[in-house]
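Q: My file is coords.pdb. It has PDB, C-alpha atoms and all ligand atoms:
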ATOM      1  CA  MET I   3       0.000   0.000   0.000
ATOM      2  CA  LEU I   4       2.776   2.398   1.019
ATOM      3  CA  ARG I   5       4.690   1.467  -2.135
ATOM      4  CA  PHE I   6       1.596   2.235  -4.204
ATOM      5  CA  GLN I   7       1.184   5.620  -2.491
ATOM      6  CA  ILE I   8       4.835   6.535  -3.162
ATOM      7  CA  ALA I   9       4.553   5.494  -6.807
ATOM      8  CA  PHE I  10       1.325   7.472  -7.167
ATOM      9  CA  THR I  11       2.912  10.576  -5.610
ATOM     10  CA  ILE I  12       5.918  10.344  -7.943
ATOM     11  CA  VAL I  13       3.703  10.009 -11.036
ATOM     12  CA  ALA I  14       1.442  12.866  -9.915
ATOM     13  CA  PHE I  15       4.473  15.083  -9.258
ATOM     14  CA  ALA I  16       6.008  14.237 -12.642
ATOM     15  CA  CYS I  17       2.748  15.041 -14.445
ATOM     16  CA  ALA I  18       2.353  18.319 -12.565
ATOM     17  CA  SER I  19       5.882  19.447 -13.330
ATOM     18  CA  ALA I  20       5.585  18.409 -16.988
ATOM     19  CA  LEU I  21       2.404  20.461 -17.225
ATOM     20  CA  ALA I  22       4.056  23.406 -15.482
ATOM     21  CA  ALA I  23       7.068  23.194 -17.799
ATOM     22  CA  GLU I  24       4.816  23.098 -20.821
ATOM     23  CA  LYS I  25       2.853  26.055 -19.570
ATOM     24  CA  GLU I  26       6.016  27.999 -18.902
ATOM     25  CA  ASN I  27       7.244  27.161 -22.384
ATOM     26  CA  GLN I  28       4.007  28.337 -23.895
ATOM     27  CA  MET I  29       4.381  31.614 -22.090
ATOM     28  CA  LYS I  30       7.771  32.231 -23.622
ATOM     29  CA  PHE I  31       7.854  34.353 -26.712
ATOM     30  CA  GLY I  32       9.996  37.127 -28.040
ATOM     31  CA  MET I  33      11.598  38.873 -30.948
ATOM     32  CA  VAL I  34      15.028  40.216 -31.849
ATOM     33  CA  ILE I  35      15.627  42.591 -34.763
ATOM     34  CA  HIS I  36      18.597  44.233 -36.466
ATOM     35  CA  GLY I  37      18.919  47.253 -38.688
ATOM     36  CA  GLY I  38      22.362  46.391 -40.027
ATOM     37  CA  ALA I  39      25.939  46.155 -38.786
ATOM     38  CA  GLY I  40      28.816  48.380 -39.842
ATOM     39  CA  THR I  41      30.961  51.312 -38.820
ATOM     40  CA  ILE I  42      28.620  53.167 -36.517
ATOM     41  CA  GLU I  43      30.633  55.607 -34.401
ATOM     42  CA  ARG I  44      29.087  57.433 -31.466
ATOM     43  CA  GLY I  45      31.074  60.553 -32.359
ATOM     44  CA  GLU I  46      29.564  60.754 -35.815
ATOM     45  CA  MET I  47      25.988  60.282 -34.708
ATOM     46  CA  THR I  48      23.912  63.371 -33.923
ATOM     47  CA  PRO I  49      21.312  63.042 -31.133
ATOM     48  CA  PRO I  50      18.345  63.576 -33.516
ATOM     49  CA  LYS I  51      19.701  60.939 -35.918
ATOM     50  CA  GLU I  52      20.235  58.447 -33.127
ATOM     51  CA  GLN I  53      16.740  59.178 -31.869
ATOM     52  CA  ALA I  54      15.302  58.512 -35.328
ATOM     53  CA  TYR I  55      17.087  55.141 -35.571
ATOM     54  CA  ARG I  56      15.910  54.166 -32.102
ATOM     55  CA  ALA I  57      12.337  55.164 -32.910
ATOM     56  CA  GLY I  58      12.443  53.126 -36.142
ATOM     57  CA  LEU I  59      13.676  50.019 -34.358
ATOM     58  CA  GLU I  60      11.137  50.494 -31.580
ATOM     59  CA  GLN I  61       8.286  50.806 -34.064
ATOM     60  CA  ALA I  62       9.351  47.541 -35.729
ATOM     61  CA  LEU I  63       9.630  45.686 -32.416
ATOM     62  CA  LYS I  64       6.193  46.934 -31.382
ATOM     63  CA  ALA I  65       4.710  45.728 -34.680
ATOM     64  CA  GLY I  66       6.173  42.262 -34.064
ATOM     65  CA  TYR I  67       5.263  42.201 -30.386
ATOM     66  CA  VAL I  68       1.577  42.937 -31.006
ATOM     67  CA  VAL I  69       1.430  39.918 -33.313
ATOM     68  CA  LEU I  70       3.197  37.594 -30.866
ATOM     69  CA  GLU I  71       1.242  38.833 -27.871
ATOM     70  CA  ARG I  72      -2.103  37.984 -29.448
ATOM     71  CA  GLY I  73      -0.844  34.451 -30.084
ATOM     72  CA  ALA I  74      -0.250  34.688 -33.837
ATOM     73  CA  SER I  75       2.723  33.023 -35.549
ATOM     74  CA  SER I  76       6.378  34.018 -35.435
ATOM     75  CA  LEU I  77       6.193  34.078 -39.229
ATOM     76  CA  ASP I  78       3.559  36.836 -39.109
ATOM     77  CA  ALA I  79       5.627  38.677 -36.495
ATOM     78  CA  VAL I  80       8.920  38.720 -38.426
ATOM     79  CA  GLU I  81       7.140  39.785 -41.609
ATOM     80  CA  ALA I  82       5.346  42.612 -39.764
ATOM     81  CA  ALA I  83       8.562  43.895 -38.152
ATOM     82  CA  VAL I  84      10.580  43.752 -41.382
ATOM     83  CA  ARG I  85       7.848  45.566 -43.337
ATOM     84  CA  VAL I  86       8.062  48.459 -40.872
ATOM     85  CA  LEU I  87      11.837  48.660 -41.394
ATOM     86  CA  GLU I  88      11.451  48.370 -45.180
ATOM     87  CA  ASP I  89       9.134  51.394 -45.131
ATOM     88  CA  ASN I  90      11.630  53.453 -43.109
ATOM     89  CA  PRO I  91      14.106  55.417 -45.297
ATOM     90  CA  LEU I  92      16.829  55.138 -42.642
ATOM     91  CA  PHE I  93      17.401  51.433 -43.247
ATOM     92  CA  ASN I  94      18.953  49.776 -46.277
ATOM     93  CA  ALA I  95      15.884  47.756 -47.256
ATOM     94  CA  GLY I  96      12.732  48.703 -49.154
ATOM     95  CA  LYS I  97      12.426  52.509 -49.253
ATOM     96  CA  GLY I  98      15.978  53.202 -48.008
ATOM     97  CA  ALA I  99      17.744  50.691 -50.288
ATOM     98  CA  VAL I 100      21.273  51.581 -51.405
ATOM     99  CA  PHE I 101      22.191  52.227 -55.059
ATOM    100  CA  THR I 102      23.921  49.874 -57.457
ATOM    101  CA  HIS I 103      26.912  51.025 -59.548
ATOM    102  CA  GLN I 104      24.445  51.762 -62.358
ATOM    103  CA  GLY I 105      22.373  54.014 -60.064
ATOM    104  CA  THR I 106      19.450  51.608 -59.751
ATOM    105  CA  ASN I 107      18.056  49.841 -56.667
ATOM    106  CA  GLU I 108      17.953  46.044 -56.537
ATOM    107  CA  LEU I 109      16.394  44.472 -53.498
ATOM    108  CA  ASP I 110      16.782  41.026 -51.895
ATOM    109  CA  ALA I 111      14.739  39.356 -49.135
ATOM    110  CA  SER I 112      14.072  35.969 -47.586
ATOM    111  CA  ILE I 113      11.910  34.364 -44.905
ATOM    112  CA  MET I 114      11.916  30.942 -43.252
ATOM    113  CA  ASP I 115       9.496  28.994 -41.079
ATOM    114  CA  GLY I 116      11.277  26.937 -38.407
ATOM    115  CA  LYS I 117       8.316  24.609 -37.913
ATOM    116  CA  THR I 118       8.084  23.283 -41.477
ATOM    117  CA  LEU I 119      11.495  24.371 -42.850
ATOM    118  CA  ASN I 120       9.571  26.069 -45.643
ATOM    119  CA  ALA I 121      11.325  29.100 -47.053
ATOM    120  CA  GLY I 122      10.869  31.805 -49.658
ATOM    121  CA  ALA I 123      13.197  34.374 -51.211
ATOM    122  CA  VAL I 124      13.394  37.040 -53.892
ATOM    123  CA  ALA I 125      16.520  38.652 -55.323
ATOM    124  CA  ALA I 126      17.303  41.670 -57.516
ATOM    125  CA  VAL I 127      13.741  42.987 -57.605
ATOM    126  CA  GLN I 128      13.446  46.638 -58.619
ATOM    127  CA  HIS I 129       9.821  47.646 -58.186
ATOM    128  CA  ILE I 130       8.484  45.760 -55.181
ATOM    129  CA  ARG I 131       7.592  47.975 -52.258
ATOM    130  CA  ASN I 132       7.911  45.244 -49.619
ATOM    131  CA  PRO I 133      10.196  42.445 -50.829
ATOM    132  CA  ILE I 134       9.747  40.493 -47.578
ATOM    133  CA  SER I 135       6.046  39.980 -48.295
ATOM    134  CA  LEU I 136       6.834  38.792 -51.827
ATOM    135  CA  ALA I 137       9.371  36.334 -50.347
ATOM    136  CA  ARG I 138       6.623  34.997 -48.104
ATOM    137  CA  LEU I 139       4.310  34.594 -51.093
ATOM    138  CA  VAL I 140       7.046  32.677 -52.935
ATOM    139  CA  MET I 141       7.147  30.353 -49.917
ATOM    140  CA  GLU I 142       3.396  29.943 -49.592
ATOM    141  CA  LYS I 143       2.009  30.312 -53.101
ATOM    142  CA  SER I 144       4.692  28.940 -55.413
ATOM    143  CA  PRO I 145       6.353  25.535 -55.620
ATOM    144  CA  HIS I 146       9.771  27.278 -55.451
ATOM    145  CA  VAL I 147      12.061  28.730 -52.807
ATOM    146  CA  MET I 148      13.712  31.566 -54.722
ATOM    147  CA  LEU I 149      12.640  33.794 -57.610
ATOM    148  CA  VAL I 150      14.856  36.505 -59.091
ATOM    149  CA  GLY I 151      14.600  39.698 -61.119
ATOM    150  CA  GLU I 152      11.886  39.992 -63.743
ATOM    151  CA  GLY I 153      10.512  36.552 -62.951
ATOM    152  CA  ALA I 154      10.045  37.475 -59.297
ATOM    153  CA  GLU I 155       8.272  40.662 -60.374
ATOM    154  CA  ALA I 156       6.013  38.768 -62.802
ATOM    155  CA  PHE I 157       5.056  36.511 -59.889
ATOM    156  CA  GLY I 158       4.471  39.634 -57.761
ATOM    157  CA  LYS I 159       2.060  40.940 -60.426
ATOM    158  CA  GLN I 160       0.142  37.664 -60.329
ATOM    159  CA  MET I 161      -0.032  37.923 -56.546
ATOM    160  CA  GLY I 162      -1.162  41.558 -56.670
ATOM    161  CA  VAL I 163       1.545  42.987 -54.375
ATOM    162  CA  PRO I 164       2.140  46.775 -54.423
ATOM    163  CA  PHE I 165       4.603  47.933 -57.101
ATOM    164  CA  VAL I 166       6.546  51.206 -56.995
ATOM    165  CA  ASP I 167       8.571  53.217 -59.469
ATOM    166  CA  GLN I 168      12.377  53.168 -58.972
ATOM    167  CA  LYS I 169      12.035  56.840 -57.892
ATOM    168  CA  TYR I 170      10.346  55.614 -54.707
ATOM    169  CA  PHE I 171      13.720  54.265 -53.504
ATOM    170  CA  TYR I 172      15.581  57.571 -53.967
ATOM    171  CA  THR I 173      17.071  58.999 -50.798
ATOM    172  CA  GLU I 174      19.651  61.772 -50.906
ATOM    173  CA  GLU I 175      21.931  60.103 -48.368
ATOM    174  CA  ARG I 176      22.147  56.831 -50.321
ATOM    175  CA  TRP I 177      22.696  58.715 -53.593
ATOM    176  CA  GLN I 178      25.583  60.671 -52.058
ATOM    177  CA  ALA I 179      27.019  57.426 -50.683
ATOM    178  CA  LEU I 180      27.091  56.050 -54.240
ATOM    179  CA  GLN I 181      28.871  59.162 -55.569
ATOM    180  CA  LYS I 182      31.427  58.862 -52.773
ATOM    181  CA  ALA I 183      31.926  55.152 -53.421
ATOM    182  CA  LYS I 184      32.437  55.732 -57.141
ATOM    183  CA  ALA I 185      34.993  58.466 -56.492
ATOM    184  CA  SER I 186      36.894  56.402 -53.943
ATOM    185  CA  PRO I 187      39.882  54.342 -55.136
ATOM    186  CA  THR I 188      39.270  51.748 -52.413
ATOM    187  CA  PRO I 189      36.218  49.489 -52.227
ATOM    188  CA  VAL I 190      33.196  50.988 -50.521
ATOM    189  CA  SER I 191      33.515  51.630 -46.797
ATOM    190  CA  ASP I 192      31.038  49.736 -44.661
ATOM    191  CA  LYS I 193      29.957  53.113 -43.297
ATOM    192  CA  ASP I 194      28.184  53.649 -46.574
ATOM    193  CA  ARG I 195      26.370  50.414 -46.812
ATOM    194  CA  HIS I 196      25.089  49.180 -43.446
ATOM    195  CA  GLY I 197      21.395  49.085 -42.790
ATOM    196  CA  THR I 198      20.126  45.669 -43.911
ATOM    197  CA  VAL I 199      17.217  44.648 -41.711
ATOM    198  CA  GLY I 200      16.159  41.385 -40.119
ATOM    199  CA  ALA I 201      13.942  39.824 -37.466
ATOM    200  CA  VAL I 202      13.856  36.506 -35.628
ATOM    201  CA  ALA I 203      11.025  35.429 -33.354
ATOM    202  CA  LEU I 204       9.695  32.716 -31.098
ATOM    203  CA  ASP I 205       5.909  32.561 -30.747
ATOM    204  CA  LYS I 206       3.657  31.277 -27.965
ATOM    205  CA  ALA I 207       3.277  27.928 -29.735
ATOM    206  CA  GLY I 208       7.064  27.460 -29.656
ATOM    207  CA  ASN I 209       7.646  28.082 -33.367
ATOM    208  CA  LEU I 210      10.649  29.975 -34.685
ATOM    209  CA  ALA I 211      10.893  32.148 -37.805
ATOM    210  CA  ALA I 212      13.476  34.410 -39.434
ATOM    211  CA  ALA I 213      13.322  37.174 -42.065
ATOM    212  CA  THR I 214      15.931  39.393 -43.739
ATOM    213  CA  SER I 215      15.593  42.220 -46.283
ATOM    214  CA  THR I 216      18.197  44.443 -47.957
ATOM    215  CA  GLY I 217      19.190  46.719 -50.770
ATOM    216  CA  GLY I 218      22.578  44.960 -50.725
ATOM    217  CA  ILE I 219      25.767  47.003 -50.806
ATOM    218  CA  THR I 220      26.340  50.474 -52.260
ATOM    219  CA  ASN I 221      27.979  50.445 -55.709
ATOM    220  CA  LYS I 222      27.326  46.718 -56.215
ATOM    221  CA  GLN I 223      27.828  45.447 -59.747
ATOM    222  CA  PHE I 224      25.107  44.285 -62.130
ATOM    223  CA  GLY I 225      23.289  41.220 -60.910
ATOM    224  CA  ARG I 226      25.182  41.009 -57.613
ATOM    225  CA  VAL I 227      23.259  39.107 -54.949
ATOM    226  CA  GLY I 228      24.427  38.953 -51.331
ATOM    227  CA  ASP I 229      23.694  36.578 -48.471
ATOM    228  CA  SER I 230      20.376  38.102 -47.384
ATOM    229  CA  PRO I 231      18.079  36.186 -49.771
ATOM    230  CA  ILE I 232      20.084  32.971 -49.542
ATOM    231  CA  ILE I 233      18.573  30.441 -47.169
ATOM    232  CA  GLY I 234      21.342  29.144 -44.919
ATOM    233  CA  ALA I 235      23.622  32.124 -45.551
ATOM    234  CA  GLY I 236      21.674  35.222 -44.468
ATOM    235  CA  THR I 237      18.526  33.603 -43.063
ATOM    236  CA  TYR I 238      17.704  30.307 -41.391
ATOM    237  CA  ALA I 239      15.100  28.914 -38.962
ATOM    238  CA  ASN I 240      14.610  25.464 -37.507
ATOM    239  CA  ASN I 241      12.438  24.703 -34.478
ATOM    240  CA  GLU I 242      15.026  22.141 -33.348
ATOM    241  CA  THR I 243      17.682  24.809 -32.957
ATOM    242  CA  CYS I 244      17.206  28.515 -33.640
ATOM    243  CA  ALA I 245      16.208  31.302 -36.028
ATOM    244  CA  VAL I 246      18.960  33.518 -37.494
ATOM    245  CA  SER I 247      19.175  36.705 -39.589
ATOM    246  CA  CYS I 248      22.551  38.102 -40.692
ATOM    247  CA  THR I 249      23.986  41.427 -41.821
ATOM    248  CA  GLY I 250      27.403  42.352 -43.140
ATOM    249  CA  ASP I 251      29.721  41.562 -46.032
ATOM    250  CA  GLY I 252      27.495  39.179 -47.947
ATOM    251  CA  GLU I 253      30.345  37.638 -49.909
ATOM    252  CA  TYR I 254      31.801  36.286 -46.645
ATOM    253  CA  PHE I 255      28.476  35.246 -45.129
ATOM    254  CA  ILE I 256      27.677  33.192 -48.234
ATOM    255  CA  ARG I 257      30.969  31.330 -48.127
ATOM    256  CA  ILE I 258      30.584  30.397 -44.483
ATOM    257  CA  ASP I 259      26.848  29.781 -44.740
ATOM    258  CA  VAL I 260      26.606  31.669 -41.482
ATOM    259  CA  ALA I 261      22.912  31.331 -40.594
ATOM    260  CA  HIS I 262      22.872  27.571 -41.073
ATOM    261  CA  ASP I 263      26.258  27.276 -39.413
ATOM    262  CA  VAL I 264      24.800  28.651 -36.164
ATOM    263  CA  SER I 265      21.993  26.090 -36.323
ATOM    264  CA  ALA I 266      24.395  23.263 -37.194
ATOM    265  CA  MET I 267      26.710  24.042 -34.276
ATOM    266  CA  MET I 268      23.715  23.944 -31.945
ATOM    267  CA  GLN I 269      22.417  20.699 -33.429
ATOM    268  CA  TYR I 270      25.616  18.706 -33.861
ATOM    269  CA  ARG I 271      27.810  20.138 -31.132
ATOM    270  CA  LYS I 272      25.041  20.954 -28.655
ATOM    271  CA  MET I 273      26.323  24.495 -28.299
ATOM    272  CA  PRO I 274      24.091  27.132 -26.668
ATOM    273  CA  VAL I 275      22.809  29.807 -29.069
ATOM    274  CA  LYS I 276      25.138  32.507 -27.697
ATOM    275  CA  GLU I 277      28.292  30.427 -28.211
ATOM    276  CA  ALA I 278      27.246  29.186 -31.645
ATOM    277  CA  ALA I 279      26.380  32.711 -32.835
ATOM    278  CA  GLN I 280      29.658  34.099 -31.544
ATOM    279  CA  ALA I 281      31.647  31.258 -33.151
ATOM    280  CA  ALA I 282      29.999  31.861 -36.545
ATOM    281  CA  ILE I 283      30.823  35.587 -36.465
ATOM    282  CA  ALA I 284      34.404  34.731 -35.468
ATOM    283  CA  LYS I 285      34.669  32.617 -38.647
ATOM    284  CA  VAL I 286      33.507  35.601 -40.739
ATOM    285  CA  GLY I 287      36.114  37.803 -39.048
ATOM    286  CA  LYS I 288      38.878  35.260 -39.589
ATOM    287  CA  LEU I 289      38.165  35.264 -43.306
ATOM    288  CA  GLY I 290      38.334  39.089 -43.323
ATOM    289  CA  GLY I 291      34.618  39.918 -43.314
ATOM    290  CA  GLY I 292      32.640  42.284 -41.122
ATOM    291  CA  GLY I 293      29.095  42.003 -39.853
ATOM    292  CA  GLY I 294      26.807  40.535 -37.265
ATOM    293  CA  LEU I 295      23.730  38.429 -36.707
ATOM    294  CA  ILE I 296      20.735  37.978 -34.460
ATOM    295  CA  ALA I 297      19.591  34.543 -33.256
ATOM    296  CA  ILE I 298      16.899  33.219 -30.937
ATOM    297  CA  ASP I 299      16.441  29.632 -29.721
ATOM    298  CA  ARG I 300      13.298  27.706 -28.863
ATOM    299  CA  ASN I 301      13.575  28.697 -25.204
ATOM    300  CA  GLY I 302      13.717  32.378 -26.010
ATOM    301  CA  HIS I 303      17.467  32.696 -25.383
ATOM    302  CA  PHE I 304      19.016  35.049 -27.884
ATOM    303  CA  ALA I 305      22.336  36.409 -29.149
ATOM    304  CA  MET I 306      23.307  39.537 -31.133
ATOM    305  CA  PRO I 307      27.071  39.253 -31.863
ATOM    306  CA  PHE I 308      28.913  41.495 -34.370
ATOM    307  CA  ASN I 309      32.532  42.316 -35.175
ATOM    308  CA  THR I 310      31.965  45.871 -36.459
ATOM    309  CA  SER I 311      31.856  49.008 -34.310
ATOM    310  CA  GLY I 312      28.088  48.903 -34.150
ATOM    311  CA  MET I 313      24.902  47.114 -35.087
ATOM    312  CA  TYR I 314      21.413  48.586 -34.870
ATOM    313  CA  ARG I 315      19.587  46.017 -32.780
ATOM    314  CA  GLY I 316      16.818  45.457 -30.266
ATOM    315  CA  HIS I 317      14.689  42.869 -28.574
ATOM    316  CA  VAL I 318      11.429  42.400 -26.751
ATOM    317  CA  GLY I 319      10.174  39.605 -24.485
ATOM    318  CA  PRO I 320       6.822  38.594 -22.974
ATOM    319  CA  ASP I 321       6.768  41.647 -20.658
ATOM    320  CA  GLY I 322       6.724  43.940 -23.708
ATOM    321  CA  LYS I 323       9.807  45.861 -22.540
ATOM    322  CA  ILE I 324      11.750  47.054 -25.553
ATOM    323  CA  GLN I 325      15.561  47.253 -25.436
ATOM    324  CA  ILE I 326      17.514  48.998 -28.182
ATOM    325  CA  GLU I 327      21.280  49.142 -28.659
ATOM    326  CA  ILE I 328      23.475  50.606 -31.353
ATOM    327  CA  TYR I 329      27.127  50.632 -30.331
ATOM    328  CA  ARG I 330      29.525  48.002 -29.139
TER     329      ARG I 330
HETATM  330  N1  LIG L 401      24.484  41.399 -46.123
HETATM  331  C1  LIG L 401      24.045  42.397 -47.052
HETATM  332  C2  LIG L 401      24.543  42.031 -48.437
HETATM  333  O1  LIG L 401      25.675  41.622 -48.559
HETATM  334  C3  LIG L 401      24.501  43.778 -46.724
HETATM  335  C4  LIG L 401      24.460  44.198 -45.274
HETATM  336  O2  LIG L 401      23.985  43.467 -44.420
HETATM  337  O3  LIG L 401      24.896  45.320 -44.969
HETATM  338  O4  LIG L 401      23.820  42.210 -49.374
END
Just dump the structure as structure tokens.
A:
Amino acid sequence: MLRFQIAFTIVAFACASALAAEKENQMKFGMVIHGGAGTIERGEMTPPKEQAYRAGLEQALKAGYVVLERGASSLDAVEAAVRVLEDNPLFNAGKGAVFTHQGTNELDASIMDGKTLNAGAVAAVQHIRNPISLARLVMEKSPHVMLVGEGAEAFGKQMGVPFVDQKYFYTEERWQALQKAKASPTPVSDKDRHGTVGAVALDKAGNLAAATSTGGITNKQFGRVGDSPIIGAGTYANNETCAVSCTGDGEYFIRIDVAHDVSAMMQYRKMPVKEAAQAAIAKVGKLGGGGGLIAIDRNGHFAMPFNTSGMYRGHVGPDGKIQIEIYR
């Protein structure tokens, strides 16, 4: 009888703690965003400019938080946050995209669902107002993962997404950056090209998602595509490990396959997200590249490493408190 009572107590306790753990897990949700890594010096930032960047990041985090808070998917949340950043001329994505060598704007974006490993991407689109939403449509409404250039735009027409004239992407600051880059004998400074945007999120159901959007790098050559729309390089999400969005010298991030590398180190080597993220950025640095990434795991732990002097970044958890950082 006593033995039965002990066994019963143990089973009841185990069930109760499993339920509590599950409940706690369900309560965990959060989002991390970036607005690009590069040379961002405190001394060169005016207070109004810094305030504008902070406000832009805050607005994006709020947009994502509202979605997560009401119990919607991390996929919806990352898309909502990235759209806000794409519409903000301060960031190198959507409206604020940098100029190519030819003086045009060519935009790249990708999104990935950690639950299903479905993914969608577009590259070198020139007239899509919100490339991240077109990337999501590629994922959900086409049998493909990546569509580029005119083909991606033809698909966008079929889907009825908003189109804009190239003039929409004109910002004086980006235009001047192109003139400076063209006049400079050395390759473009990262000061003139940071600003790519990205978001990673964990929702109440425990699903992870990642999204990245960019105009690429100032003065890029015809047809150049960076890491941002490449699944595994600039964006990756897997419920078994983490969700990642990168920013920096795309040519290096592609060769290291940074976003998937973080996930792989977690999966194969059982590394925590912070260590894996840091190790991946160290590999980029060793090869000579600059940049950073944001990553969140299925328990809501996150990392925001970078090897440049700054990275626009921020995060929000279940309490809704928004934290924004810019410098090292
Ligand atoms: N990674 C982007 C690209 O290479 C640029 C950036 O993040 O600044 O296109």
Q: Counting only C-alpha atoms and all ligand atoms, which residues of chain I sit at most 6 Å from some atom of ligand LIG 401 (chain L), and what is each one's closest atom pair with its distance in Å to one decimal, listed by chain and rising residue number, as a tab-separated table?
A:
residue	atom	partner	partner_atom	distance
I:Gly38	CA	L:LIG401	O2	5.5
I:Arg195	CA	L:LIG401	O3	5.6
I:His196	CA	L:LIG401	O3	4.2
I:Gly197	CA	L:LIG401	O3	5.6
I:Thr198	CA	L:LIG401	O2	4.5
I:Gly218	CA	L:LIG401	O4	3.3
I:Ile219	CA	L:LIG401	C3	5.4
I:Gly228	CA	L:LIG401	O4	3.8
I:Asp229	CA	L:LIG401	O1	5.4
I:Ser230	CA	L:LIG401	N1	5.4
I:Thr249	CA	L:LIG401	O2	3.3
I:Gly250	CA	L:LIG401	O2	3.8
I:Asp251	CA	L:LIG401	O1	4.8
I:Gly252	CA	L:LIG401	O1	3.1
Q: Keeping C-alpha atoms, export the residues of the selection given above as a JSON list (two decimals), in the coordinates of the input.
A:
[["chain", "number", "residue", "atom", "x", "y", "z"],
["I", 38, "GLY", "CA", 22.36, 46.39, -40.03],
["I", 195, "ARG", "CA", 26.37, 50.41, -46.81],
["I", 196, "HIS", "CA", 25.09, 49.18, -43.45],
["I", 197, "GLY", "CA", 21.40, 49.08, -42.79],
["I", 198, "THR", "CA", 20.13, 45.67, -43.91],
["I", 218, "GLY", "CA", 22.58, 44.96, -50.72],
["I", 219, "ILE", "CA", 25.77, 47.00, -50.81],
["I", 228, "GLY", "CA", 24.43, 38.95, -51.33],
["I", 229, "ASP", "CA", 23.69, 36.58, -48.47],
["I", 230, "SER", "CA", 20.38, 38.10, -47.38],
["I", 249, "THR", "CA", 23.99, 41.43, -41.82],
["I", 250, "GLY", "CA", 27.40, 42.35, -43.14],
["I", 251, "ASP", "CA", 29.72, 41.56, -46.03],
["I", 252, "GLY", "CA", 27.50, 39.18, -47.95]]
Q: The PyMOL selection byres (((chain I and resi 62-79) around 7) and not hetatm) on the file shown: which residues, as a PyMOL selection string?
A: chain I and resi 58-61+80-84+86-87+115+203-206+209-211+317-318
Q: For Val127 of chain I, work out the shell of residues within 9 Å, counting all atoms listed in the file and skipping chain neighbours fewer than 5 positions away, then give it as an NGL selection string.
A: :I and (107-110 or 133 or 150-155)
Q: Convert the output of the PyMOL selection byres (((chain I and resi 232-243) around 8) and not hetatm) on the shown file into explicit residues, formatted as a ChimeraX atom specification.
A: /I:112-119,121,123,208-214,228-231,244-249,252,255-263,265,268-269,299-300
Q: What separation in Å, quoted to one decimal, exists between atom CA of Lys182 of chain I and atom CA of Gly290 of chain I?
A: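 Result for atom CA of Lys182 of chain I versus atom CA of Gly290 of chain I: 23.0 Å, one decimal.
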Q: Give me the residues within 12 Å of Ala54 of chain I as a PyMOL selection string, counting all atoms listed in the file and dropping any in the same chain fewer than 6 places off.
A: chain I and resi 47-48+60-61+90-93+314
Q: Quote the spacing between atom CA of His36 of chain I and atom CA of Asn221 of chain I in Å to one decimal place.
A: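 We find that atom CA of His36 of chain I and atom CA of Asn221 of chain I lie 22.3 Å from each other.
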Q: Using only C-alpha atoms, find the one residue out of I:Leu295, I:Val275, I:Val227, I:Ile328 that sits nearest to Gly200 of chain I.
A: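 Using only C-alpha atoms, the shortest distance to Gly200 of chain I belongs to I:Leu295.
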Q: Between atom CA of Val100 of chain I and atom CA of Thr216 of chain I, what is the distance in Å, rounded to a tenth?
A: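 Pair atom CA of Val100 of chain I / atom CA of Thr216 of chain I returns 8.5 Å.
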Q: Could you write out as lines of an AutoDock Vina configuration file the box around segment 120-133 of chain I (axis-aligned, all atoms listed in the file, 5 Å on each side), with centre and edge lengths in Å to one decimal?
A:
center_x = 12.4
center_y = 37.0
center_z = -52.1
size_x = 19.7
size_y = 31.9
size_z = 23.0
